[in-house]
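Only one structure is covered here, and it is reproduced in the block below.
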Amino acid sequence: MKLPRPAPPHSRRHFLRTSASGFGSLALHALLQQQGLAKPSSPSPANSPLATKPPHFPPRAQRVIFLFMKGGPSHMDLFDHKPLLAKGSGGALPYQLPSIEATVGLDATRLLGPVAGFKHCGQSGLFLSEMLPQIGRHADDLCLLRAMQADSPNHPVAVRQLHTGNLFDAVPSMGSWLSYGLGTENQQLPSYVTILPGEGERNFSSAFLPAIHQGTAIQDVGNKPNQAPIRNLSDPTIPSDVQRRRLDLIQSINRRQLDRLQTDQQMEGVIESFELAFRMQTETPRLVDLANESKATLDLYGIGQAPTDQFGRQCLLARRLAEAGVRFVQVTLDGWDHHSGIASGLKNLCAQCDQPVAGLLSDLKARGLLEDTLVLWGGEFGRTPHAQNGDGREHNQHGFSMWMAGGGVKGGMTHGSTDDFGYHAIDGKVHINDLHATLLHLLGLDHERLTFEHHGRPFRLTDVAGKVVKEILA
């Protein structure tokens with residue numbers, strides 16, 4: 001089998017920049033005239049690489065909204081109450097610290113009890129932090145995974161594993177795999193959108209998959225004048241018919257190059273990305289404009305209020321994109337890395353996210369979308385039961401919490417458990433690979449069958465691991 005030839009480093013970026021502004025006006029005019037009889041290169045929806053594809057088996061969910069809490073939320077302060085930890089707060093550690101992990105700020109460390117109270121929520125009686133009262137009202141929709149595990153205590157590596165299933169290699173993100181496996185329900189929009197992703201393009205990259213499956217980043221959700229939420233989406237100085245003619249010219253050149261090479265996945269991805277970008281100019285501005293939302297909806301998400309305004313906008317935009325047919329939407333809230341001052345830090349972050357997340361769940365349910373939309377909430381790891389710098393917590397990948405809602409999972413339940421202090425997962429362990437296998441399963445995809453040939457072997461999101469957590473399936 002002839003393998004796809006990777007594009008030279010930065011070639012796509014250079015070509016995009018050149019195509020947008022590198023042609024002189026006279027040369028461009030001549031070339032446009034020369035290509036005047038060329039047919040537009042837009043693919044039909046059936047032939048588009050983003051065309052809806054059949055799953056391996058009947059799905060329970062059609063789309064995913066991933067609420068990424070970047071930095072590592074403290075599970076024993078939010079979702080995993082430990083009476084012995086609360087009782088022993090300030091006391092000596094009843095366990096040994098791992099000898100191979102960093103101990104900065106852990107000199108003479110002591111147990112640190114939860115920084116806020118817990119209460120039973122919903123008919124299911126889930127025991128949740130009092131800092132998340134509005135999310136607590138949705139307790140009966142939550143499937144709480146209390147024995148999550150990752151492989152690294154290092155932020156960049158753990159974030160990469162959460163997004164791609166791999167610690168070090170440049171491989172596709174889970175959103176890209178879903179886009180590749182299922183396509184999108186709206187050909188005017190990308191299949192994968194990430195809202196305020198911050199650093200780390202590798203975390204929403206398509207890697208060796210066709211470039212059309214890379215996450216589209218929305219960089220701004222406010223009302224700043226003359227600032228497009230998706231960078232370089234349009235050029236208001238150029239009429240749309242001229243843009244179309246320019247695109248047809250560039251695409252004809254691309255296709256000649258593709259014909260010469262016979263196969264080049266990167267070039268094919270560039271061609272399709274150009275077409276998608278042109279189509280997005282019609283659909284996307286309407287979707288990212290929240291001006292037509294009712295005051296009741298804006299209030300539901302906490303928009304226009306401090307401190308929920310920005311994250312509320314992110315969550316509302318996620319609902320709009322998911323409802324419009326985007327397969328995978330990620331929303332990022334940074335700031336959960338509390339090495340010190342965790343009591344005030346957690347209080348502030350919970351105040352930012354509690355109402356918007358609860359609003360999202362309420363809105364999805366009211367629109368009949370929650371039953372086939374899988375909502376995933378969590379960070380790259382959790383925190384330690386012992387203190388760091390006196391009033392903070394260190395990273396903990398050995399056992400932490402995430403939760404799911406909707407999309408075919410059981411609500412009002414917990415799965416797995418950590419030890420008496422919340423340090424290590426001991427029962428019902430769910431590794432990141434298992435989380436990915438389960439996520440794909442809920443969308444009708446067998447994680448062992450969703451593969452792509454690269455460097456002489458088939459790759460998959462779960463690599464050579466992963467098992468579906470069947471106990472949580474509705």
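Naming scheme: A, B, ... for chains in displayed order of the structure tokens; residues 1 onward per chain; ligands 1 onward as shown.
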Extract, using only C-alpha atoms, all DNA, RNA and protein residues at most 8 Å from segment 363-379 of chain A, discarding same-chain residues fewer than 6 positions from it, and format them as a PyMOL selection string. chain A and resi 60-73+159+319+323+401-408
Hey, what's within 9 Å of Pro55 of chain A if we count only C-alpha atoms and toss same-chain stuff fewer than 4 positions away? As JSON, numbers by chain, please? {"A": [59, 181, 182, 443, 444, 445, 446]}
If you run DSSP on the backbone here, which positions in segment 155-217 of chain A get strand (DSSP E)? Please write them as a ChimeraX atom specification. /A:192-195,216-217
Would you kindly return, as a list in words, each protein, DNA or RNA residue with an atom no farther than 12 Å from any atom of Ala108 of chain A, considering only C-alpha atoms and excluding same-chain residues fewer than 5 positions away?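 With the cut-off at 12 Å, the set is Gly90, Gly91, Ala92, Leu93, Leu97, Thr103, His386, Ala387, Gln388, Asn389 and Gly390 of chain A.
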Convert the current residue selection to file output with N, CA and C atoms, as a short mmCIF file (atom, residue, chain, number, x, y, z; two decimals), in the first residue's frame.
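Below you can see part18.cif, which holds the result:
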```
data_model
loop_
_atom_site.label_atom_id
_atom_site.label_comp_id
_atom_site.auth_asym_id
_atom_site.auth_seq_id
_atom_site.Cartn_x
_atom_site.Cartn_y
_atom_site.Cartn_z
N GLY A 90 -4.82 18.22 58.75
CA GLY A 90 -3.75 18.78 59.57
C GLY A 90 -2.87 17.73 60.20
N GLY A 91 -3.24 16.47 60.08
CA GLY A 91 -2.47 15.38 60.67
C GLY A 91 -1.40 14.83 59.74
N ALA A 92 -0.60 13.94 60.27
CA ALA A 92 0.47 13.30 59.49
C ALA A 92 -0.12 12.40 58.40
N LEU A 93 0.66 12.19 57.35
CA LEU A 93 0.19 11.37 56.24
C LEU A 93 0.14 9.90 56.64
N LEU A 97 4.71 9.06 50.26
CA LEU A 97 4.71 9.76 48.98
C LEU A 97 5.53 8.97 47.97
N THR A 103 8.50 16.63 44.79
CA THR A 103 8.04 16.92 46.15
C THR A 103 8.19 18.40 46.50
N HIS A 386 -2.94 15.57 50.41
CA HIS A 386 -2.04 16.32 51.28
C HIS A 386 -1.79 17.71 50.72
N ALA A 387 -1.36 18.59 51.59
CA ALA A 387 -1.18 19.99 51.23
C ALA A 387 0.14 20.24 50.51
N GLN A 388 0.13 21.23 49.67
CA GLN A 388 1.35 21.74 49.05
C GLN A 388 1.42 23.23 49.37
N ASN A 389 2.58 23.67 49.77
CA ASN A 389 2.76 25.07 50.17
C ASN A 389 1.79 25.49 51.27
N GLY A 390 1.36 24.53 52.04
CA GLY A 390 0.51 24.81 53.19
C GLY A 390 -0.97 24.84 52.91
#
```
Tell me which protein, DNA and RNA residues are within 10 Å of Leu145 of chain A, counting only C-alpha atoms, leaving out same-chain ones fewer than 4 positions away, and put them as a count of residues only. 18
